[in-house]
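*Asks:* Just model36.cif, nothing more (mmCIF, C-alpha atoms):
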```
data_data
loop_
_atom_site.label_atom_id
_atom_site.label_comp_id
_atom_site.auth_asym_id
_atom_site.auth_seq_id
_atom_site.Cartn_x
_atom_site.Cartn_y
_atom_site.Cartn_z
CA MET A 3 55.88 37.20 -35.51
CA SER A 4 54.55 37.16 -39.06
CA LEU A 5 57.35 34.82 -40.13
CA THR A 6 56.32 32.37 -37.42
CA ALA A 7 52.72 32.49 -38.64
CA VAL A 8 53.82 31.84 -42.21
CA ALA A 9 55.99 28.92 -41.06
CA ILE A 10 53.11 27.38 -39.12
CA GLY A 11 50.84 27.87 -42.13
CA ILE A 12 53.29 26.09 -44.42
CA ALA A 13 53.68 23.27 -41.92
CA ILE A 14 49.93 22.77 -41.58
CA MET A 15 49.11 23.08 -45.29
CA PRO A 16 50.01 19.50 -46.36
CA LEU A 17 47.91 18.08 -43.53
CA ALA A 18 44.92 20.18 -44.54
CA VAL A 19 45.31 19.20 -48.19
CA LEU A 20 45.57 15.51 -47.21
CA ALA A 21 42.49 15.74 -45.01
CA GLY A 22 40.58 17.48 -47.79
CA ALA A 23 41.58 14.81 -50.27
CA THR A 24 40.47 12.01 -47.93
CA ARG A 25 37.17 13.74 -47.26
CA GLY A 26 36.67 14.28 -50.97
CA ARG A 27 37.33 10.62 -51.75
CA VAL A 28 34.77 9.42 -49.22
CA ALA A 29 32.31 12.09 -50.19
CA GLN A 30 32.11 10.74 -53.74
CA TRP A 31 29.66 8.09 -52.60
CA SER A 32 26.02 8.81 -51.93
CA VAL A 33 23.80 6.63 -49.80
CA GLU A 34 20.14 5.75 -50.01
CA VAL A 35 18.57 4.65 -46.74
CA ASN A 36 15.96 1.98 -47.28
CA GLN A 37 12.91 1.69 -45.05
CA VAL A 38 13.43 -0.48 -41.98
CA GLU A 39 12.10 -4.01 -42.29
CA ALA A 40 10.47 -5.60 -39.26
CA GLY A 41 11.81 -9.09 -40.03
CA ASP A 42 10.46 -11.67 -37.58
CA SER A 43 10.25 -9.17 -34.74
CA ASN A 44 7.10 -7.49 -33.49
CA VAL A 45 8.69 -4.06 -33.53
CA ALA A 46 6.25 -1.18 -33.11
CA PRO A 47 5.77 1.01 -36.21
CA GLU A 48 6.86 4.14 -34.31
CA PHE A 49 10.17 2.42 -33.57
CA LYS A 50 10.59 1.46 -37.21
CA ALA A 51 9.95 5.04 -38.27
CA ALA A 52 12.23 6.40 -35.56
CA ILE A 53 15.11 4.08 -36.55
CA TYR A 54 14.77 5.16 -40.19
CA GLU A 55 14.61 8.87 -39.36
CA ASN A 56 17.46 8.75 -36.86
CA VAL A 57 19.72 6.86 -39.29
CA VAL A 58 19.01 9.51 -41.96
CA ILE A 59 19.78 12.30 -39.46
CA GLU A 60 22.96 10.69 -38.10
CA LEU A 61 24.29 9.87 -41.58
CA ALA A 62 23.75 13.47 -42.67
CA LYS A 63 25.54 14.66 -39.52
CA ALA A 64 28.50 12.34 -40.11
CA LYS A 65 29.24 13.94 -43.53
CA GLN A 66 30.62 10.63 -44.81
CA PHE A 67 28.63 10.78 -48.01
CA SER A 68 28.03 13.48 -50.59
CA ALA A 69 24.27 12.93 -50.31
CA VAL A 70 21.98 11.04 -47.96
CA LEU A 71 18.82 10.08 -49.80
CA ARG A 72 15.58 8.69 -48.47
CA SER A 73 13.98 5.49 -49.64
CA GLY A 74 12.12 6.06 -52.92
CA ASP A 75 13.74 9.45 -53.56
CA ARG A 76 13.58 10.04 -57.33
CA SER A 77 16.84 11.99 -57.31
CA ALA A 78 18.65 8.69 -56.56
CA ASN A 79 18.01 7.63 -60.18
CA GLY A 80 20.66 9.94 -61.54
CA VAL A 81 23.29 9.10 -58.96
CA SER A 82 25.94 6.66 -60.20
CA ASN A 83 28.01 6.12 -57.05
CA LEU A 84 25.17 5.07 -54.85
CA LEU A 85 25.29 2.80 -51.84
CA ILE A 86 22.16 1.33 -50.31
CA LEU A 87 21.71 0.92 -46.58
CA LYS A 88 19.32 -1.87 -45.61
CA THR A 89 18.19 -2.35 -42.03
CA THR A 90 16.27 -5.34 -40.68
CA VAL A 91 15.13 -5.58 -37.08
CA GLU A 92 16.30 -8.84 -35.51
CA SER A 93 14.93 -8.41 -32.02
CA TYR A 94 12.97 -5.83 -30.10
CA ARG A 95 12.17 -5.79 -26.41
CA PRO A 96 9.84 -2.99 -25.39
CA GLY A 97 10.76 -1.41 -22.07
CA SER A 98 9.07 0.98 -19.69
CA GLU A 99 10.24 4.41 -18.66
CA THR A 100 8.30 4.13 -15.41
CA LYS A 101 9.88 0.78 -14.53
CA ARG A 102 13.31 2.28 -15.22
CA ALA A 103 12.54 5.27 -12.99
CA VAL A 104 11.25 3.11 -10.15
CA THR A 105 13.56 0.09 -10.18
CA THR A 106 16.61 1.27 -12.19
CA VAL A 107 17.49 -2.31 -13.22
CA THR A 108 14.35 -3.33 -15.14
CA GLY A 109 12.40 -1.79 -18.00
CA THR A 110 15.26 -1.64 -20.49
CA THR A 111 14.24 -1.06 -24.09
CA LYS A 112 16.42 -3.16 -26.39
CA LEU A 113 16.77 -3.15 -30.14
CA ARG A 114 18.99 -5.28 -32.35
CA VAL A 115 19.18 -4.78 -36.10
CA ARG A 116 21.13 -6.28 -38.98
CA THR A 117 22.48 -3.53 -41.17
CA GLN A 118 23.84 -3.99 -44.69
CA LEU A 119 25.63 -1.47 -46.85
CA CYS A 120 25.48 -2.59 -50.46
CA THR A 121 26.43 -1.23 -53.84
CA GLN A 122 23.82 -0.93 -56.58
CA ASP A 123 24.96 -4.22 -58.13
CA GLY A 124 24.38 -6.04 -54.84
CA GLN A 125 27.95 -6.25 -53.50
CA VAL A 126 27.81 -6.16 -49.70
CA LEU A 127 30.41 -3.78 -48.27
CA LEU A 128 29.27 -4.05 -44.67
CA GLU A 129 27.06 -6.46 -42.79
CA ARG A 130 26.85 -6.08 -39.06
CA VAL A 131 24.51 -6.65 -36.16
CA VAL A 132 24.07 -3.45 -34.20
CA ASP A 133 22.43 -2.92 -30.80
CA GLY A 134 20.71 0.08 -29.30
CA ASP A 135 19.10 0.35 -25.89
CA VAL A 136 17.97 2.62 -23.07
CA ARG A 137 18.92 1.37 -19.62
CA PHE A 138 18.55 4.22 -17.13
CA LEU A 139 17.49 7.67 -18.23
CA GLY A 140 15.50 8.72 -21.27
CA GLU A 141 12.36 7.78 -23.08
CA ASN A 142 11.94 4.52 -24.97
CA LEU A 143 12.43 6.05 -28.40
CA ARG A 144 15.93 7.09 -27.34
CA ALA A 145 16.96 3.49 -28.07
CA THR A 146 16.50 4.25 -31.78
CA HIS A 147 18.77 7.29 -31.50
CA ASN A 148 21.49 5.23 -29.82
CA LEU A 149 21.04 2.50 -32.40
CA ALA A 150 21.37 4.96 -35.31
CA ARG A 151 24.57 6.35 -33.81
CA ASN A 152 25.98 2.82 -33.55
CA VAL A 153 25.00 2.08 -37.17
CA VAL A 154 26.82 5.21 -38.36
CA LYS A 155 29.81 4.32 -36.17
CA ALA A 156 29.97 0.90 -37.89
CA ILE A 157 29.74 2.52 -41.33
CA LYS A 158 32.57 4.92 -40.46
CA GLN A 159 34.84 1.97 -39.71
CA VAL A 160 34.40 0.53 -43.20
CA THR A 161 36.95 1.45 -45.84
CA LEU A 162 34.87 2.27 -48.87
CA PRO A 163 36.29 1.26 -52.26
CA GLU A 164 37.19 3.86 -54.85
CA PRO A 165 34.20 4.55 -57.08
CA ALA A 166 34.53 3.30 -60.65
CA PRO A 167 36.36 5.88 -62.85
CA SER A 168 33.54 5.88 -65.40
CA ASN A 169 31.15 6.86 -62.66
CA HIS A 170 32.86 10.19 -61.98
CA ALA A 171 30.37 12.89 -62.80
CA MET B 21 -11.60 27.38 27.39
CA CYS B 22 -8.19 25.99 26.56
CA TYR B 23 -9.79 22.75 25.37
CA GLU B 24 -12.15 24.69 23.11
CA SER B 25 -9.31 26.69 21.49
CA ARG B 26 -7.39 23.45 20.89
CA SER B 27 -10.34 21.77 19.25
CA SER B 28 -10.99 24.84 17.08
CA LYS B 29 -7.35 24.80 15.98
CA THR B 30 -7.62 21.14 15.05
CA LEU B 31 -10.83 21.87 13.17
CA LEU B 32 -9.11 24.68 11.30
CA ARG B 33 -6.24 22.40 10.35
CA ILE B 34 -8.62 19.73 9.08
CA LEU B 35 -10.53 22.39 7.12
CA ARG B 36 -7.32 23.66 5.56
CA CYS B 37 -6.36 20.14 4.52
CA LEU B 38 -9.82 19.53 3.09
CA VAL B 39 -9.69 22.78 1.10
CA LEU B 40 -6.28 21.85 -0.32
CA VAL B 41 -7.41 18.34 -1.23
CA SER B 42 -10.65 19.59 -2.81
CA CYS B 43 -8.74 22.23 -4.83
CA PHE B 44 -6.35 19.57 -6.11
CA ALA B 45 -9.19 17.20 -6.98
CA ALA B 46 -11.10 19.98 -8.75
CA SER B 47 -8.08 20.93 -10.84
CA VAL B 48 -7.47 17.30 -11.83
CA ILE B 49 -11.12 16.80 -12.80
CA ALA B 50 -11.16 20.09 -14.73
CA GLN B 51 -8.04 19.06 -16.61
CA ASP B 52 -9.59 15.74 -17.58
CA LEU B 53 -12.85 17.39 -18.67
CA ASP B 54 -10.90 19.93 -20.69
CA GLN B 55 -9.01 17.16 -22.46
CA VAL B 56 -12.19 15.29 -23.30
CA ARG B 57 -13.92 18.51 -24.47
CA THR B 58 -11.06 19.47 -26.83
CA ALA B 59 -10.89 15.93 -28.07
CA SER B 60 -14.58 15.74 -28.90
CA SER B 61 -15.48 19.22 -30.14
CA SER B 62 -12.47 20.51 -32.05
CA SER B 63 -10.29 18.91 -34.67
CA VAL B 64 -7.38 21.19 -33.78
CA LEU B 65 -5.24 19.08 -31.49
CA ARG B 66 -2.28 20.10 -29.43
CA ALA B 67 0.59 17.85 -30.46
CA ARG B 68 4.31 17.40 -30.24
CA ALA B 69 6.16 16.48 -33.43
CA VAL B 70 8.58 14.06 -31.81
CA LEU B 71 10.57 13.19 -34.90
CA GLY B 72 10.70 13.12 -38.67
CA LEU B 73 8.60 16.08 -39.78
CA GLU B 74 10.36 17.85 -42.64
CA GLY B 75 11.59 21.32 -41.66
CA VAL B 76 10.54 20.96 -38.03
CA ALA B 77 12.93 20.45 -35.13
CA LYS B 78 12.61 17.41 -32.89
CA ASN B 79 10.03 17.70 -30.11
CA SER B 80 8.43 20.86 -31.50
CA THR B 81 5.07 21.67 -29.97
CA GLY B 82 2.23 22.91 -32.13
CA GLU B 83 -1.30 22.28 -33.32
CA LEU B 84 -2.30 19.44 -35.56
CA SER B 85 -5.37 19.60 -37.76
CA ILE B 86 -6.79 18.42 -41.05
CA GLN B 87 -7.46 21.28 -43.46
CA ASP B 88 -8.36 20.99 -47.13
CA ASP B 89 -7.18 17.41 -47.57
CA ALA B 90 -3.88 18.04 -45.81
CA LEU B 91 -2.55 17.23 -42.38
CA VAL B 92 -1.36 20.58 -41.05
CA PHE B 93 1.11 21.11 -38.23
CA SER B 94 1.20 24.76 -37.21
CA ARG B 95 3.39 26.53 -34.68
CA ARG B 96 3.37 30.05 -33.34
CA GLU B 97 5.19 32.51 -35.62
CA ARG B 98 6.70 29.67 -37.62
CA PRO B 99 5.74 28.36 -41.06
CA THR B 100 3.11 25.66 -41.06
CA VAL B 101 3.90 22.23 -42.47
CA ARG B 102 1.29 20.65 -44.73
CA VAL B 103 1.30 16.98 -45.64
CA PRO B 104 -1.26 16.14 -48.36
CA LEU B 105 -3.48 13.27 -47.27
CA SER B 106 -2.93 11.65 -50.67
CA ALA B 107 0.80 11.42 -49.84
CA ILE B 108 0.18 9.57 -46.59
CA GLN B 109 1.01 5.90 -46.91
CA GLY B 110 -0.47 4.94 -43.57
CA ALA B 111 -0.95 5.96 -39.97
CA PHE B 112 -0.48 3.92 -36.82
CA LEU B 113 -1.88 4.65 -33.38
CA SER B 114 -0.21 3.52 -30.17
CA GLN B 115 -0.04 4.46 -26.51
CA GLU B 116 2.91 4.77 -24.19
CA ASP B 117 3.68 5.80 -20.63
CA LYS B 118 6.11 8.66 -20.17
CA GLN B 119 7.66 10.24 -17.12
CA VAL B 120 6.58 13.85 -16.71
CA GLY B 121 8.78 16.81 -15.82
CA GLY B 122 11.71 16.11 -18.12
CA THR B 123 15.31 16.58 -16.97
CA PRO B 124 14.59 18.84 -13.96
CA MET B 125 12.21 16.25 -12.58
CA ALA B 126 14.70 13.44 -13.26
CA LEU B 127 17.39 15.36 -11.40
CA GLY B 128 14.98 16.06 -8.55
CA ARG B 129 14.12 12.37 -8.35
CA ALA B 130 17.80 11.44 -8.27
CA ALA B 131 18.48 13.97 -5.50
CA THR B 132 15.59 12.87 -3.29
CA PRO B 133 16.96 10.86 -0.34
CA TYR B 134 15.80 7.51 1.09
CA GLY B 135 14.51 6.21 -2.26
CA GLY B 136 11.92 8.98 -2.41
CA GLY B 137 12.77 9.52 -6.06
CA ARG B 138 11.52 6.05 -6.89
CA VAL B 139 8.20 6.77 -5.20
CA ILE B 140 7.92 10.02 -7.15
CA GLY B 141 8.74 8.09 -10.34
CA LEU B 142 5.95 5.67 -9.55
CA PHE B 143 3.36 8.45 -9.70
CA ALA B 144 4.95 11.04 -12.01
CA HIS B 145 4.02 9.41 -15.27
CA LYS B 146 1.36 10.02 -17.86
CA ARG B 147 -0.03 8.02 -20.75
CA TYR B 148 0.16 9.60 -24.18
CA ASP B 149 -1.12 8.67 -27.60
CA PHE B 150 1.42 8.36 -30.38
CA VAL B 151 0.44 8.65 -34.03
CA THR B 152 3.03 7.54 -36.57
CA VAL B 153 2.40 8.90 -40.06
CA GLU B 154 4.34 7.58 -43.03
CA TYR B 155 4.24 9.81 -46.08
CA PHE B 156 6.05 10.58 -49.33
CA ASP B 157 7.60 14.00 -49.91
CA SER B 158 7.45 15.82 -53.25
CA ASN B 159 10.55 13.88 -54.39
CA GLY B 160 9.07 10.51 -53.54
CA GLY B 161 11.23 10.03 -50.43
CA VAL B 162 9.64 8.27 -47.49
CA HIS B 163 9.25 10.10 -44.17
CA GLY B 164 8.11 8.69 -40.86
CA THR B 165 6.69 11.28 -38.52
CA ILE B 166 5.80 10.61 -34.90
CA TYR B 167 3.29 12.85 -33.16
CA GLN B 168 2.67 12.75 -29.43
CA LEU B 169 -0.83 13.72 -28.32
CA ASN B 170 -2.73 13.75 -25.07
CA LYS B 171 -4.51 10.55 -24.18
CA GLY B 172 -7.68 10.15 -26.23
CA GLN B 173 -6.72 12.69 -28.87
CA GLY B 174 -4.86 10.15 -30.97
CA GLN B 175 -8.14 8.35 -31.50
CA VAL B 176 -9.78 11.59 -32.66
CA LEU B 177 -7.02 12.17 -35.20
CA ALA B 178 -7.10 8.52 -36.30
CA ASN B 179 -10.88 8.73 -36.81
CA GLU B 180 -10.55 11.89 -38.90
CA LEU B 181 -7.74 10.42 -40.98
CA GLY B 182 -9.76 7.23 -41.44
CA ALA B 183 -12.79 9.24 -42.56
CA LYS B 184 -10.62 10.92 -45.19
CA GLY B 185 -9.54 7.56 -46.59
CA VAL B 186 -6.16 7.19 -44.91
CA HIS B 187 -5.29 3.66 -43.84
CA VAL B 188 -5.09 3.71 -40.04
CA SER B 189 -4.07 0.78 -37.87
CA GLY B 190 -3.01 0.26 -34.30
CA LEU B 191 -4.00 -0.45 -30.76
CA ARG B 192 -7.72 -1.08 -31.09
CA ILE B 193 -7.84 -2.74 -27.69
CA ASP B 194 -6.30 0.27 -26.01
CA ILE B 195 -8.71 2.56 -27.84
CA ALA B 196 -11.63 0.50 -26.60
CA LYS B 197 -10.22 0.59 -23.08
CA SER B 198 -9.82 4.37 -23.15
CA GLY B 199 -13.38 4.63 -24.46
CA VAL B 200 -14.61 2.60 -21.49
CA GLU B 201 -12.64 4.75 -19.06
CA LYS B 202 -14.31 7.88 -20.39
#
```
As structure tokens, how would this structure be written, given the file I've shared?

*Replies:*
Amino acid sequence: MSLTAVAIGIAIMPLAVLAGATRGRVAQWSVEVNQVEAGDSNVAPEFKAAIYENVVIELAKAKQFSAVLRSGDRSANGVSNLLILKTTVESYRPGSETKRAVTTVTGTTKLRVRTQLCTQDGQVLLERVVDGDVRFLGENLRATHNLARNVVKAIKQVTLPEPAPSNHA
Amino acid sequence: MCYESRSSKTLLRILRCLVLVSCFAASVIAQDLDQVRTASSSSVLRARAVLGLEGVAKNSTGELSIQDDALVFSRRERPTVRVPLSAIQGAFLSQEDKQVGGTPMALGRAATPYGGGRVIGLFAHKRYDFVTVEYFDSNGGVHGTIYQLNKGQGQVLANELGAKGVHVSGLRIDIAKSGVEK
């Protein structure tokens, strides 16, 4: 019985070490989330704030980065391997929860943003247009939650480069 | 005799209906008056911190007030959160319709046959004020907090913040409309 357990342990160990190494490599980057820019859209300020907050929350949940910093955070000054996430709203269509409840097919809240993940020297690692909407159930602000999840999903798909060796703290 | 008893029964039924309707109307009026009274007399406002308040879970309910140059959000038996007014970058006031009753109500609406749920949805909504406050934390990081207040109370908070020198913007037309309604 104990021999079997030891054998399983030995078999699993390389996988765990590999996973740890991968996580460690990704976790060497930190990210600073910039405030959301309205662009040419007439996005409501509460939506801008909600997108920003939800992206910060979802990035922290994803554990892709060693630190998730807010825009203007002074502790970002000392961080060498820092990526910057910029979000610009491209289009915003305000919906109505009541219309959704009554008609089901109308009243959709739609958001579309352009998200950019850049290094400190301006190199763009990711540029993608991401959508977020509420079609059936939920309040209007839920669109920002869905959008933030899609932004983080897009970031997860990017293979981040190795940080510069001189930048290792 | 029989005719008389029938008519008295009908009268009783009508009376019962009238009593029910008057009770409902009285409760609705009292609720409205209560809202207006709290909005005008006290600066302690019942609010829901929808999102973004540091150290507070999403959709936490509490009381919002301005004390000693700080915007204070206090909850029962939980630590209060103070945001210095000097750290507030700006505040924005808006209004939005929301369905009442949450998930149980949504499920009830979905289960109601013959499209009854849609009719319920048509009436089961309420207008709320939303106040978005952008502020810097002690580290300089930007936060965006969204508070949900009862209709009319957002204006009270906006006025108080404005009087303290905070830049407030937002739906002036809607504010004027709500003022007319009162």

*Asks:* Just to confirm, what's the straight-line distance from atom CA of B:Val139 to atom CA of A:Ala103 in Å (one decimal)?

*Replies:* 9.0 Å

*Asks:* So the first atom is atom CA of A:Ala40 and the second is atom CA of B:Gly110; what is the distance between them in Å, to one decimal place?

*Replies:*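 That distance, rounded to one decimal, is 15.8 Å.
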
*Asks:* For the file shown, what are the residues hit by the PyMOL selection byres ((chain A) within 10 of (chain B)), laid out as a PyMOL selection string?

*Replies:* chain A and resi 34-37+46-56+58-59+71-78+98-106+139-143

*Asks:* Take atom CA of A:Asn83 and atom CA of A:Arg116 and report the distance between them in Å, one decimal.

*Replies:*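 Going from atom CA of A:Asn83 over to atom CA of A:Arg116, I get 23.0 Å.
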
*Asks:* Would you write out, as a list in words, every residue that the PyMOL selection byres ((chain A and resi 128) around 6) captures in this file?

*Replies:*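 On the file shown, the PyMOL selection byres ((chain A and resi 128) around 6) covers Gln118, Leu119, Val126, Leu127 and Glu129 of chain A.
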
*Asks:* For A:Lys112, please output as a PyMOL selection string all residues within 6 Å (counting all atoms listed in the file; exclusion window: fewer than 6 positions along the same chain).

*Replies:* chain A and resi 94-95+135

*Asks:* Identify which of the residues A:Val136, A:Glu92, A:Ser68, A:Val33 lies closest to A:Thr110, counting only C-alpha atoms when measuring atom-to-atom distances.

*Replies:* A:Val136

*Asks:* The PyMOL selection byres ((chain A and resi 85) around 6) - which residues does that actually catch in the file I just gave you? List them as a PDB file with C-alpha atoms, in the frame of the given file.

*Replies:*
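Dumped to result_9.pdb:
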```pdb
ATOM      1  CA  VAL A  33      23.800   6.630 -49.800  1.00  0.00           C
ATOM      2  CA  LEU A  84      25.170   5.070 -54.850  1.00  0.00           C
ATOM      3  CA  ILE A  86      22.160   1.330 -50.310  1.00  0.00           C
ATOM      4  CA  CYS A 120      25.480  -2.590 -50.460  1.00  0.00           C
ATOM      5  CA  THR A 121      26.430  -1.230 -53.840  1.00  0.00           C
TER       6      THR A 121
END
```

*Asks:* So that I can see what lies close to B:Glu83, please list as a list in words the residues with an atom at most 10 Å from it, counting only C-alpha atoms and leaving out residues fewer than 5 positions away in the same chain.

*Replies:*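 Counting only the stated atoms, we get Ser63, Val64, Leu65, Arg66, Ala67, Arg68, Ala69, Val92, Phe93, Ser94, Arg95, Arg96, Thr100 and Leu169 of chain B.
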
*Asks:* Set up a box along x, y and z of the file covering all listed atoms of stretch 72-79 of chain B, add 5 Å on every one of the six sides, and write the centre and edge lengths in Å to one decimal, as JSON.

*Replies:*
```
{"center_x": 10.8, "center_y": 17.2, "center_z": -36.4, "size_x": 14.3, "size_y": 18.2, "size_z": 22.5}
```

*Asks:* Tell me which of A:Asp123, A:Val132, A:Asn79, A:Pro96 sits closest to A:Lys155, counting all atoms listed in the file.

*Replies:*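 Using all atoms listed in the file, A:Lys155 sits closest to A:Val132.
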
*Asks:* Extract, using only C-alpha atoms, all DNA, RNA and protein residues at most 10 Å from A:Val153, discarding same-chain residues fewer than 3 positions from it, and format them as a PyMOL selection string.

*Replies:* chain A and resi 57+60-61+89+115-118+130-134+147-150+156-158
